[in-house]
file my_file-v9.txt (compact mmCIF, C-alpha atoms and all ligand atoms)
# COMPACT_ATOMS: atom_id res chain seq x y z
CA MET A 1 65.44 120.16 26.92
CA SER A 2 66.96 122.84 29.16
CA TYR A 3 65.10 124.38 32.03
CA GLN A 4 65.51 127.74 30.34
CA ARG A 5 63.50 126.37 27.45
CA LEU A 6 60.95 124.87 29.81
CA VAL A 7 60.26 128.16 31.48
CA LEU A 8 59.98 130.06 28.22
CA GLY A 9 56.64 131.72 28.12
CA LEU A 10 56.20 132.20 31.84
CA ALA A 11 54.68 135.54 32.69
CA ALA A 12 54.87 137.41 35.94
CA CYS A 13 51.48 138.61 37.18
CA ALA A 14 50.80 142.03 38.61
CA SER A 15 51.21 140.84 42.19
CA GLY A 16 54.69 139.56 41.39
CA LEU A 17 53.64 135.93 41.70
CA VAL A 18 54.37 133.75 38.76
CA LEU A 19 51.40 132.56 36.78
CA TRP A 20 51.71 129.53 34.93
CA ALA A 21 52.45 127.21 32.28
CA GLY A 22 50.62 124.42 30.59
CA ALA A 23 51.40 122.36 27.54
CA LEU A 24 55.01 122.95 26.60
CA ALA A 25 55.99 123.86 23.07
CA GLN A 26 57.67 121.10 21.11
CA PRO A 27 61.37 121.76 20.43
CA VAL A 28 62.02 123.09 16.92
CA PRO A 29 64.30 120.69 15.00
CA LEU A 30 67.54 122.29 13.83
CA PRO A 31 68.83 121.70 10.28
CA PRO A 32 71.74 119.27 10.03
CA GLU A 33 75.10 120.97 10.50
CA GLY A 34 76.62 122.40 7.35
CA THR A 35 73.35 122.62 5.44
CA ASN A 36 72.08 125.92 4.18
CA PRO A 37 68.32 126.10 3.70
CA ALA A 38 67.58 127.19 0.14
CA ARG A 39 64.51 129.16 1.08
CA PRO A 40 63.88 131.39 4.08
CA ALA A 41 61.91 129.65 6.79
CA THR A 42 58.16 130.11 6.71
CA PRO A 43 57.22 132.81 9.19
CA ARG A 44 55.87 131.22 12.34
CA ALA A 45 52.74 132.31 14.17
CA PRO A 46 53.59 133.77 17.57
CA ALA A 47 53.84 131.00 20.15
CA ALA A 48 50.71 130.56 22.26
CA PRO A 49 51.17 131.28 25.96
CA ALA A 50 52.25 128.16 27.81
CA ASN A 51 49.16 128.33 30.03
CA GLU A 52 46.73 128.40 27.09
CA VAL A 53 44.40 125.51 26.33
CA VAL A 54 42.38 125.58 23.09
CA GLN A 55 39.75 122.91 22.63
CA THR A 56 37.44 122.44 19.66
CA PHE A 57 34.17 120.48 19.85
CA PRO A 58 33.32 117.80 19.07
CA SER A 59 36.77 116.52 19.92
CA ASN A 60 36.57 113.74 17.31
CA ASP A 61 34.98 115.49 14.34
CA ALA A 62 34.78 118.77 12.37
CA MET A 63 34.76 121.81 14.67
CA GLN A 64 31.43 123.31 15.66
CA THR A 65 32.43 125.33 18.74
CA ALA A 66 35.62 125.98 20.72
CA TRP A 67 37.01 127.32 23.99
CA LYS A 68 40.29 129.14 24.57
CA VAL A 69 41.28 129.20 28.23
CA HIS A 70 44.20 130.78 30.09
CA TRP A 71 44.71 129.17 33.45
CA GLY A 72 46.91 129.86 36.45
CA ALA A 73 48.09 127.97 39.51
CA ARG A 74 48.99 129.62 42.78
CA ARG A 75 49.18 128.81 46.45
CA GLY A 76 46.02 129.70 48.29
CA ASN A 77 43.51 129.79 45.43
CA GLY A 78 44.97 126.74 43.71
CA LEU A 79 43.87 126.41 40.09
CA TYR A 80 42.16 129.52 38.72
CA ILE A 81 41.12 130.96 35.37
CA GLU A 82 42.80 134.10 34.02
CA ASP A 83 40.56 134.51 30.95
CA ALA A 84 38.28 132.38 28.78
CA TRP A 85 36.84 132.92 25.30
CA PHE A 86 34.18 130.97 23.41
CA LYS A 87 33.74 130.54 19.66
CA ARG A 88 30.20 129.80 18.41
CA GLY A 89 31.32 128.44 15.07
CA PRO A 90 34.38 127.90 12.87
CA ASN A 91 33.95 131.30 11.18
CA ASP A 92 33.11 133.31 14.30
CA ASP A 93 35.47 135.46 16.35
CA TRP A 94 36.38 134.56 19.91
CA MET A 95 33.94 136.09 22.38
CA GLN A 96 35.25 136.67 25.89
CA VAL A 97 33.17 135.12 28.69
CA LEU A 98 35.44 135.18 31.75
CA GLY A 99 38.19 137.29 33.19
CA ASP A 100 39.70 136.11 36.48
CA ALA A 101 37.58 133.38 38.11
CA ARG A 102 38.68 131.64 41.27
CA LEU A 103 37.79 129.97 44.52
CA ALA A 104 38.37 133.10 46.62
CA GLU A 105 37.84 131.42 50.02
CA ALA A 106 36.85 128.12 51.60
CA PHE A 107 35.25 128.70 55.01
CA VAL A 108 34.95 125.65 57.29
CA PRO A 109 33.24 126.29 60.66
CA TYR A 110 32.67 123.28 62.94
CA HIS A 111 29.38 122.76 64.76
CA SER A 112 31.09 122.74 68.14
CA GLY A 113 32.15 126.38 67.53
CA THR A 114 35.82 125.74 66.82
CA PRO A 115 37.81 125.46 64.68
CA ARG A 116 36.65 127.97 62.02
CA PHE A 117 39.08 127.62 59.11
CA TRP A 118 39.59 130.01 56.18
CA ASP A 119 41.40 127.50 54.03
CA VAL A 120 42.39 129.75 51.12
CA SER A 121 44.03 132.31 53.40
CA TYR A 122 46.55 129.74 54.69
CA ASN A 123 48.25 129.64 51.28
CA PHE A 124 48.17 125.88 50.89
CA PRO A 125 49.89 124.51 47.76
CA LEU A 126 48.34 122.42 45.01
CA CYS A 127 48.86 118.66 45.17
CA VAL A 128 51.11 117.12 42.55
CA VAL A 129 48.92 115.04 40.21
CA SER A 130 49.74 111.67 38.71
CA ARG A 131 48.53 109.39 35.93
CA GLU A 132 46.16 107.90 38.50
CA ASP A 133 44.58 111.34 38.96
CA ALA A 134 44.33 111.92 35.22
CA GLY A 135 42.83 108.57 34.29
CA PRO A 136 43.38 106.96 30.89
CA TYR A 137 42.52 110.04 28.82
CA GLY A 138 43.63 112.95 31.01
CA LYS A 139 46.70 115.07 30.34
CA LEU A 140 49.00 116.44 33.05
CA LEU A 141 49.70 120.17 32.89
CA TYR A 142 52.86 121.55 34.49
CA ALA A 143 53.31 124.66 36.63
CA PRO A 144 56.22 126.09 38.65
CA ASP A 145 56.97 124.33 41.89
CA GLN A 146 54.49 125.57 44.50
CA HIS A 147 57.19 125.66 47.16
CA GLY A 148 59.39 127.94 45.06
CA ARG A 149 62.12 125.31 44.73
CA GLY A 150 64.59 125.67 41.89
CA LYS A 151 65.27 129.13 40.48
CA ASN A 152 67.15 130.23 37.42
CA LYS A 153 69.73 133.02 37.72
CA ASP A 154 67.08 135.57 36.74
CA ASN A 155 64.86 134.26 39.59
CA SER A 156 62.41 132.60 37.19
CA PRO A 157 61.20 129.14 38.27
CA ALA A 158 63.28 126.24 37.02
CA VAL A 159 61.33 123.37 38.52
CA LEU A 160 58.00 122.46 36.97
CA LYS A 161 55.61 119.89 38.36
CA PRO A 162 52.30 118.44 37.24
CA TYR A 163 49.58 120.19 39.26
CA VAL A 164 46.63 120.31 36.86
CA VAL A 165 44.69 117.74 34.86
CA GLN A 166 43.12 118.50 31.47
CA GLU A 167 40.35 116.15 30.36
CA ILE A 168 37.63 115.86 27.76
CA ARG A 169 34.56 114.30 29.35
CA ASP A 170 31.44 112.91 27.80
CA ARG A 171 28.72 114.85 29.64
CA GLY A 172 25.88 112.56 28.70
CA ILE A 173 22.77 113.51 26.76
CA ALA A 174 22.73 117.13 25.54
CA TRP A 175 19.23 116.80 24.09
CA LYS A 176 16.81 114.08 23.01
CA SER A 177 13.58 114.43 21.07
CA ALA A 178 11.59 112.96 18.20
CA ALA A 179 14.25 114.51 15.94
CA GLY A 180 17.01 112.38 17.41
CA VAL A 181 19.54 112.53 20.21
CA ARG A 182 22.92 114.10 20.85
CA ARG A 183 25.57 113.65 23.51
CA GLY A 184 27.66 116.54 24.80
CA GLN A 185 31.29 117.06 25.78
CA THR A 186 33.17 119.27 28.20
CA LEU A 187 36.78 120.36 28.63
CA VAL A 188 37.64 120.04 32.32
CA LEU A 189 40.64 121.59 34.04
CA TRP A 190 41.15 120.61 37.65
CA GLY A 191 43.64 120.76 40.49
CA THR A 192 43.52 119.95 44.21
CA LEU A 193 44.42 122.16 47.17
CA GLU A 194 46.48 120.33 49.76
CA ALA A 195 44.81 121.85 52.83
CA ALA A 196 46.59 119.94 55.64
CA ASN A 197 44.28 116.97 56.37
CA TYR A 198 41.75 118.05 53.72
CA ARG A 199 41.72 118.17 49.95
CA TYR A 200 39.71 120.59 47.82
CA ILE A 201 39.29 119.57 44.19
CA ILE A 202 38.77 122.75 42.15
CA GLU A 203 37.20 122.05 38.78
CA PHE A 204 36.37 124.33 35.85
CA GLY A 205 34.36 122.80 33.00
CA PHE A 206 34.00 124.43 29.55
CA GLN A 207 31.13 122.78 27.72
CA ASP A 208 30.70 122.43 23.96
CA ASP A 209 27.42 124.43 24.24
CA GLY A 210 29.14 127.47 25.77
CA ALA A 211 28.22 126.76 29.42
CA VAL A 212 30.89 126.91 32.15
CA THR A 213 30.71 124.74 35.26
CA PHE A 214 32.40 125.61 38.56
CA ARG A 215 32.83 122.88 41.18
CA VAL A 216 34.64 122.40 44.46
CA GLY A 217 34.82 118.90 45.89
CA SER A 218 35.71 118.32 49.54
CA THR A 219 37.50 115.11 50.46
CA GLY A 220 40.33 113.98 52.74
CA HIS A 221 40.97 112.93 56.31
CA ASN A 222 38.48 114.18 58.91
CA TYR A 223 39.98 116.74 61.28
CA GLY A 224 41.87 115.22 64.22
CA SER A 225 39.87 115.34 67.51
CA ARG A 226 36.73 116.45 65.57
CA GLU A 227 36.35 113.33 63.43
CA TRP A 228 32.58 113.11 64.02
CA ASP A 229 31.82 116.82 64.37
CA GLY A 230 29.51 118.23 61.67
CA HIS A 231 30.77 121.24 59.77
CA MET A 232 30.28 123.28 56.60
CA HIS A 233 32.52 123.54 53.55
CA ASN A 234 31.65 126.92 52.07
CA GLY A 235 33.11 127.39 48.61
CA LEU A 236 33.25 131.18 48.14
CA TRP A 237 33.87 132.23 44.55
CA ARG A 238 34.94 135.44 42.84
CA ILE A 239 33.95 135.49 39.17
CA ASP A 240 34.87 138.34 36.83
CA VAL A 241 32.25 137.68 34.15
CA ASN A 242 33.20 139.51 30.94
CA VAL A 243 30.40 138.96 28.42
CA ASP A 244 31.94 140.00 25.09
CA GLY A 245 34.71 141.80 26.96
CA PRO A 246 34.99 143.53 30.32
CA ASP A 247 33.04 146.67 29.43
CA HIS A 248 29.33 147.37 29.03
CA ASN A 249 28.26 144.52 31.32
CA SER A 250 25.17 144.92 33.53
CA VAL A 251 23.85 142.64 36.27
CA LEU A 252 20.20 141.65 36.63
CA LEU A 253 18.37 139.62 39.26
CA MET A 254 16.01 137.03 37.80
CA GLU A 255 13.12 135.73 39.92
CA HIS A 256 10.17 133.46 39.29
CA LYS A 257 7.05 134.73 41.10
CA GLU A 258 3.93 132.72 41.76
CA PRO A 259 1.05 133.30 42.29
CA LEU A 260 0.58 136.80 40.97
CA SER A 261 -2.06 137.19 43.68
CA LEU A 262 -4.49 135.01 45.64
CA ASP A 263 -7.37 136.36 43.57
CA SER A 264 -9.05 133.39 41.84
CA LYS A 265 -8.22 134.76 38.36
CA GLU A 266 -4.56 135.29 39.22
CA GLN A 267 -3.69 132.40 41.49
CA THR A 268 -2.61 130.07 38.68
CA LYS A 269 -0.53 132.72 36.94
CA ALA A 270 3.20 133.26 37.32
CA ARG A 271 5.79 135.59 35.87
CA THR A 272 9.55 135.98 35.58
CA GLU A 273 10.94 139.29 36.77
CA HIS A 274 14.25 140.78 35.67
CA THR A 275 15.33 143.76 37.69
CA PRO A 276 18.67 145.55 38.02
CA PHE A 277 20.55 143.72 40.78
CA ASN A 278 20.20 145.70 44.01
CA GLY A 279 18.71 148.60 42.05
CA GLY A 280 21.76 148.69 39.76
CA LYS A 281 24.26 149.38 42.57
CA GLU A 282 26.88 147.24 44.31
CA GLY A 283 25.27 145.10 46.99
CA TRP A 284 23.86 141.68 47.77
CA ALA A 285 20.90 139.33 47.25
CA ASP A 286 19.76 136.08 48.83
CA TRP A 287 18.78 132.84 47.18
CA ASP A 288 15.09 132.07 47.60
CA PRO A 289 14.11 128.49 46.64
CA ASN A 290 10.56 129.67 45.86
CA LYS A 291 11.86 132.22 43.37
CA PHE A 292 14.61 130.17 41.71
CA THR A 293 16.81 133.22 42.20
CA MET A 294 19.43 133.67 39.48
CA ILE A 295 21.82 136.35 38.33
CA ARG A 296 22.18 137.42 34.74
CA VAL A 297 25.08 139.37 33.26
CA ILE A 298 24.31 140.98 29.91
CA ASN A 299 26.33 143.00 27.45
CA GLU A 300 24.49 146.27 26.75
CA ARG A 301 26.04 146.62 23.28
CA ARG A 302 25.53 143.18 21.76
CA LYS A 303 22.19 141.68 20.84
CA GLY A 304 21.15 138.35 19.40
CA ILE A 305 18.79 137.56 16.55
CA ARG A 306 15.67 138.26 18.66
CA GLY A 307 16.96 141.66 19.72
CA GLU A 308 17.73 140.37 23.20
CA PRO A 309 21.10 141.20 24.80
CA VAL A 310 23.63 138.39 24.90
CA GLY A 311 24.36 137.25 28.41
CA TYR A 312 25.32 134.57 30.86
CA ASP A 313 23.09 133.28 33.68
CA LEU A 314 24.58 132.21 37.01
CA MET A 315 22.51 129.14 37.83
CA PRO A 316 22.68 127.98 41.46
CA LEU A 317 22.91 124.27 42.32
CA ARG A 318 22.34 124.72 46.04
CA MET A 319 21.57 122.37 48.89
CA GLY A 320 20.96 125.27 51.28
CA ASN A 321 22.11 128.67 52.48
CA SER A 322 25.04 128.83 54.85
CA ARG A 323 24.86 131.56 57.50
CA HIS A 324 27.47 131.96 60.25
CA PHE A 325 27.67 134.27 63.21
CA GLY A 326 31.22 134.11 64.56
CA ALA A 327 33.85 136.81 64.09
CA LYS A 328 33.26 139.90 61.95
CA ASP A 329 34.78 138.17 58.90
CA GLU A 330 31.74 135.90 58.77
CA GLU A 331 29.49 138.76 57.69
CA CYS A 332 30.29 137.69 54.11
CA THR A 333 28.21 134.53 54.71
CA GLN A 334 25.06 136.53 55.50
CA HIS A 335 24.11 136.69 51.81
CA ASP A 336 24.47 134.32 48.86
CA PHE A 337 25.11 136.71 45.97
CA TRP A 338 27.23 139.86 46.03
CA VAL A 339 28.11 142.06 43.08
CA THR A 340 30.88 144.65 42.85
CA ARG A 341 32.62 146.60 40.16
CA ASN A 342 35.90 145.08 39.10
CA ARG A 343 38.54 147.00 41.07
CA MET A 344 42.25 146.21 41.30
CA GLY A 345 43.22 144.39 44.45
CA GLU A 346 39.70 143.46 45.61
CA MET A 347 40.18 139.69 45.77
CA ASP A 348 39.32 138.77 49.40
CA TYR A 349 35.85 137.24 49.85
CA ARG A 350 35.84 138.17 53.56
CA GLN A 351 36.08 141.83 52.61
CA VAL A 352 33.17 141.85 50.18
CA PRO A 353 30.71 143.47 52.67
CA LYS A 354 33.23 146.33 52.84
CA TYR A 355 33.75 146.49 49.06
CA VAL A 356 30.02 146.96 48.38
CA THR A 357 29.73 149.93 50.74
CA ARG A 358 30.97 152.14 47.88
CA GLY A 359 27.57 151.56 46.26
CA GLU A 360 28.88 152.20 42.76
CA SER A 361 26.86 151.39 39.64
CA ILE A 362 27.04 147.82 38.31
CA MET A 363 25.33 148.69 35.05
CA ASP A 364 27.20 149.10 31.75
CA THR A 365 30.61 148.56 33.34
CA ASP A 366 33.11 145.83 34.36
CA VAL A 367 31.47 143.69 37.07
CA VAL A 368 32.44 140.90 39.47
CA LEU A 369 30.08 138.28 40.92
CA TRP A 370 30.75 136.81 44.38
CA TYR A 371 28.84 133.66 45.09
CA SER A 372 28.73 131.06 47.86
CA THR A 373 28.40 127.30 47.24
CA PRO A 374 28.01 125.67 50.65
CA ALA A 375 28.16 121.95 51.42
CA HIS A 376 27.12 120.47 54.76
CA HIS A 377 29.32 117.63 55.98
CA GLU A 378 27.79 115.48 58.70
CA PRO A 379 30.41 112.73 59.15
CA ARG A 380 29.44 109.13 58.40
CA SER A 381 30.91 105.73 59.18
CA GLU A 382 31.87 105.71 55.49
CA ASP A 383 34.36 108.52 56.22
CA GLY A 384 36.65 106.26 58.26
CA GLU A 385 37.08 104.34 61.51
CA MET A 386 38.60 104.86 64.93
CA LYS A 387 41.09 102.31 66.23
CA GLY A 388 41.74 103.41 69.79
CA SER A 389 42.49 107.09 69.37
CA GLN A 390 43.64 106.70 65.75
CA PHE A 391 41.30 107.64 62.91
CA THR A 392 41.90 106.03 59.52
CA GLY A 393 40.00 106.56 56.30
CA CYS A 394 39.02 109.18 53.76
CA THR A 395 35.79 111.15 53.33
CA PRO A 396 34.34 110.47 49.87
CA VAL A 397 34.27 113.65 47.80
CA MET A 398 31.23 115.94 48.21
CA TRP A 399 30.61 118.45 45.43
CA ALA A 400 29.20 121.97 45.44
CA GLY A 401 29.12 124.53 42.65
CA PHE A 402 27.18 126.43 40.02
CA ASP A 403 26.90 126.85 36.26
CA LEU A 404 27.21 129.82 33.95
CA LYS A 405 24.85 129.25 31.07
CA PRO A 406 24.80 131.25 27.81
CA ARG A 407 21.61 133.14 26.98
CA ASN A 408 21.01 134.50 23.47
CA VAL A 409 24.69 133.96 22.72
CA PHE A 410 23.72 131.64 19.87
CA ASP A 411 21.13 132.80 17.34
CA ARG A 412 20.61 129.15 16.60
CA THR A 413 22.34 126.24 18.26
CA PRO A 414 24.74 124.31 16.01
CA PHE A 415 23.92 121.15 17.91
CA PHE A 416 20.40 120.61 16.55
CA PRO A 417 20.02 119.41 12.92
CA TYR A 418 17.58 122.18 11.90
CA ASP A 419 18.50 121.80 8.26
CA THR A 420 17.53 118.14 8.08
CA VAL A 421 14.43 118.22 10.32
CA LYS A 422 11.46 119.52 8.31
CA SER A 423 9.13 120.05 11.24
CA ALA A 424 9.10 119.33 14.90
CA PRO A 425 6.85 116.28 15.26
CA GLY A 426 6.44 116.94 18.97
CA ASN A 427 4.57 120.15 18.14
CA ILE A 428 2.23 118.60 15.59
CA LYS A 429 0.40 115.97 17.56
CA LYS A 430 -2.01 117.21 20.14
CA ARG A 431 -0.66 116.24 23.51
CA GLY A 432 -2.54 113.88 25.74
CA PRO A 433 -2.48 113.83 29.49
CA GLY A 434 0.99 113.92 30.97
CA GLY A 435 2.51 115.59 27.86
CU CU B 501 34.17 117.85 55.90

call {"tool": "encode", "arguments": {"input": "my_file-v9.txt", "output": "structure tokens", "more": "lines below"}}
Ligand SMILES: [Cu+2]
result
Amino acid sequence: MSYQRLVLGLAACASGLVLWAGALAQPVPLPPEGTNPARPATPRAPAAPANEVVQTFPSNDAMQTAWKVHWGARRGNGLYIEDAWFKRGPNDDWMQVLGDARLAEAFVPYHSGTPRFWDVSYNFPLCVVSREDAGPYGKLLYAPDQHGRGKNKDNSPAVLKPYVVQEIRDRGIAWKSAAGVRRGQTLVLWGTLEAANYRYIIEFGFQDDGAVTFRVGSTGHNYGSREWDGHMHNGLWRIDVNVDGPDHNSVLLMEHKEPLSLDSKEQTKARTEHTPFNGGKEGWADWDPNKFTMIRVINERRKGIRGEPVGYDLMPLRMGNSRHFGAKDEECTQHDFWVTRNRMGEMDYRQVPKYVTRGESIMDTDVVLWYSTPAHHEPRSEDGEMKGSQFTGCTPVMWAGFDLKPRNVFDRTPFFPYDTVKSAPGNIKKRGPGG
């Protein structure tokens, strides 16, 4: 197979960088020489982009749901998502869920004050992945050489390397009740940033139930001369959520409030409040553990069976809030959630406090969520050992991230056997204590 064939399907992105390239099309067999096909060839469907992954669920049975994902690989951000669409059933249309979603920065300030790394801004490449990375069931996806080696005459990349792993994972129990039990599956795409001594595993998971998981795992060799110095790994994400397309999206803040008041009649009551995020304008919010703070993106034009707008909830999985007070760039760590309109060229997490000063509406438009997922690394003996002045070892991976969970996207989940369960036994019996 020639390199020209290999690079077929590559597309240049707006910034001039080359996006990439996943499963390669199989070569089309040519008829034996001298033969003349009696009938014209059957028209072929247009070839899917090389960076497209389509996965139906369950992976080993008749389709119930599916994801279509376009991915990209670039220095700096590593693996990122260009677009993603979900299908609720075999006869449904694709519904867009994501536009561009990426790890926009990785801020690593050390407790001793220095260093204070912005690991995405250094343009580190992705690590080449192997069969050992992929495990027995993973598939290696190829992208252009991250160092720009090997060009065709037209300047397109001629050297492809495996940088991304595609896996189907069993995600354990999806639900369990008196009606039965069901396990779930997820399509995972992952790649690893080679950030000098450190490694950042960037993982996007597309679940059979329509949820999307975002994870960054920190691992690698502790920083030379600061081997035992505590520090933070702040994963800072930019997520262009496009619920049923980029337009007509609005952002709400969702908070649990309890008690309603300290009055004896109200003190056991609680409520959930949905309010336009920051009054419906670009701005920020903080995560409050007492309020279970979440963000919801809804489409104003599409409603589910109960008349509720379809949406996606950003569900935090936080260990804490990371606040830093160094240079001006660190202002972006003063809040956990930021929301802007989707504007060309606004990709730098450090600039988000500046982006929001426009104060434009984030209702019924194309919106971007900016969200921090901090992890606190206090080094342990398990990270490695000193022999004289030499440190040897590897910090076991520590994960941080969040989920995007569908809300009112399904009118009825295809994963519960409604048609064979006559009634819900759990609702019939009167519950005893502890029910
Ligand atoms: Cu660390």

call {"tool": "residues_around", "arguments": {"input": "my_file-v9.txt", "residues": "Tyr349 of chain A", "least_positions_apart": "5", "cutoff": "8 Å", "atoms": "only C-alpha atoms", "output": "list in words"}}
result
Ala104, Glu105, Leu236, Trp237, Arg238, Cys332 and Trp370 of chain A

call {"tool": "residues_around", "arguments": {"input": "my_file-v9.txt", "residues": "Val251 of chain A", "least_positions_apart": "2", "cutoff": "12 Å", "atoms": "all atoms listed in the file", "output": "PyMOL selection string"}}
result
chain A and resi 240-243+248-249+253-254+274-285+294-300+309+311-314+337-341+361-369

call {"tool": "closest_atom_pairs", "arguments": {"input": "my_file-v9.txt", "of": "chain A", "to": "ligand CU 501 (chain B)", "cutoff": "10 Å", "atoms": "all atoms listed in the file", "output": "tab-separated table"}}
result
residue	atom	partner	partner_atom	distance
A:Val108	CA	B:CU501	CU	8.0
A:Pro109	CA	B:CU501	CU	9.7
A:Tyr110	CA	B:CU501	CU	9.0
A:Tyr198	CA	B:CU501	CU	7.9
A:Arg199	CA	B:CU501	CU	9.6
A:Ser218	CA	B:CU501	CU	6.6
A:Thr219	CA	B:CU501	CU	6.9
A:Gly220	CA	B:CU501	CU	7.9
A:His221	CA	B:CU501	CU	8.4
A:Asn222	CA	B:CU501	CU	6.4
A:Tyr223	CA	B:CU501	CU	8.0
A:Glu227	CA	B:CU501	CU	9.0
A:Trp228	CA	B:CU501	CU	9.5
A:Asp229	CA	B:CU501	CU	8.9
A:Gly230	CA	B:CU501	CU	7.4
A:His231	CA	B:CU501	CU	6.2
A:Met232	CA	B:CU501	CU	6.7
A:His233	CA	B:CU501	CU	6.4
A:Ala375	CA	B:CU501	CU	8.5
A:His376	CA	B:CU501	CU	7.6
A:His377	CA	B:CU501	CU	4.9
A:Glu378	CA	B:CU501	CU	7.4
A:Pro379	CA	B:CU501	CU	7.1
A:Asp383	CA	B:CU501	CU	9.3
A:Thr395	CA	B:CU501	CU	7.4
A:Pro396	CA	B:CU501	CU	9.5
A:Val397	CA	B:CU501	CU	9.1
A:Met398	CA	B:CU501	CU	8.5

call {"tool": "atom_distance", "arguments": {"input": "my_file-v9.txt", "atom1": "atom CA of Phe124 of chain A", "atom2": "atom CA of Ala195 of chain A"}}
result
5.6 Å

call {"tool": "closest_residue", "arguments": {"input": "my_file-v9.txt", "among": "A:Val165, A:Ala143, A:Ile202, A:Leu160", "to": "Ser130 of chain A", "atoms": "all atoms listed in the file"}}
result
A:Val165

call {"tool": "atom_distance", "arguments": {"input": "my_file-v9.txt", "atom1": "atom CA of Arg74 of chain A", "atom2": "atom CA of Gly148 of chain A"}}
result
10.8 Å

call {"tool": "closest_residue", "arguments": {"input": "my_file-v9.txt", "among": "A:Thr114, A:Ser121, A:Gln146, A:Ser225", "to": "Ser389 of chain A", "atoms": "only C-alpha atoms"}}
result
A:Ser225

call {"tool": "residues_near_point", "arguments": {"input": "my_file-v9.txt", "point": "(33.9, 132.0, 38.7)", "cutoff": "9 Å", "atoms": "all atoms listed in the file", "output": "JSON, numbers by chain"}}
result
{"A": [80, 81, 98, 99, 100, 101, 102, 103, 204, 212, 213, 214, 237, 238, 239, 240, 241, 369, 370, 371, 402, 404]}

call {"tool": "closest_residue", "arguments": {"input": "my_file-v9.txt", "among": "A:Asp209, A:Asp145, A:Glu273, A:Asp247", "to": "Trp175 of chain A", "atoms": "all atoms listed in the file"}}
result
A:Asp209

call {"tool": "closest_residue", "arguments": {"input": "my_file-v9.txt", "among": "A:Glu266, A:Asp83, A:Asp403, A:Glu167", "to": "Arg318 of chain A", "atoms": "only C-alpha atoms"}}
result
A:Asp403

call {"tool": "closest_residue", "arguments": {"input": "my_file-v9.txt", "among": "A:Arg183, A:Asn234, A:Asp244, A:Asn408", "to": "Gly307 of chain A", "atoms": "only C-alpha atoms"}}
result
A:Asn408

call {"tool": "atom_distance", "arguments": {"input": "my_file-v9.txt", "atom1": "atom CA of Asp329 of chain A", "atom2": "atom CA of Glu194 of chain A"}}
result
23.2 Å

call {"tool": "closest_residue", "arguments": {"input": "my_file-v9.txt", "among": "A:Tyr163, A:Trp67, A:Tyr418, A:Phe117", "to": "Gln96 of chain A", "atoms": "all atoms listed in the file"}}
result
A:Trp67

call {"tool": "residues_around", "arguments": {"input": "my_file-v9.txt", "residues": "segment 53-63 of chain A", "least_positions_apart": "6", "cutoff": "7 Å", "atoms": "all atoms listed in the file", "output": "mmCIF file with C-alpha atoms, keeping the file's coordinate frame"}}
result
data_model
loop_
_atom_site.group_PDB
_atom_site.id
_atom_site.type_symbol
_atom_site.label_atom_id
_atom_site.label_comp_id
_atom_site.auth_asym_id
_atom_site.auth_seq_id
_atom_site.Cartn_x
_atom_site.Cartn_y
_atom_site.Cartn_z
ATOM 1 C CA VAL A 69 41.280 129.200 28.230
ATOM 2 C CA HIS A 70 44.200 130.780 30.090
ATOM 3 C CA PRO A 90 34.380 127.900 12.870
ATOM 4 C CA ASP A 208 30.700 122.430 23.960
#
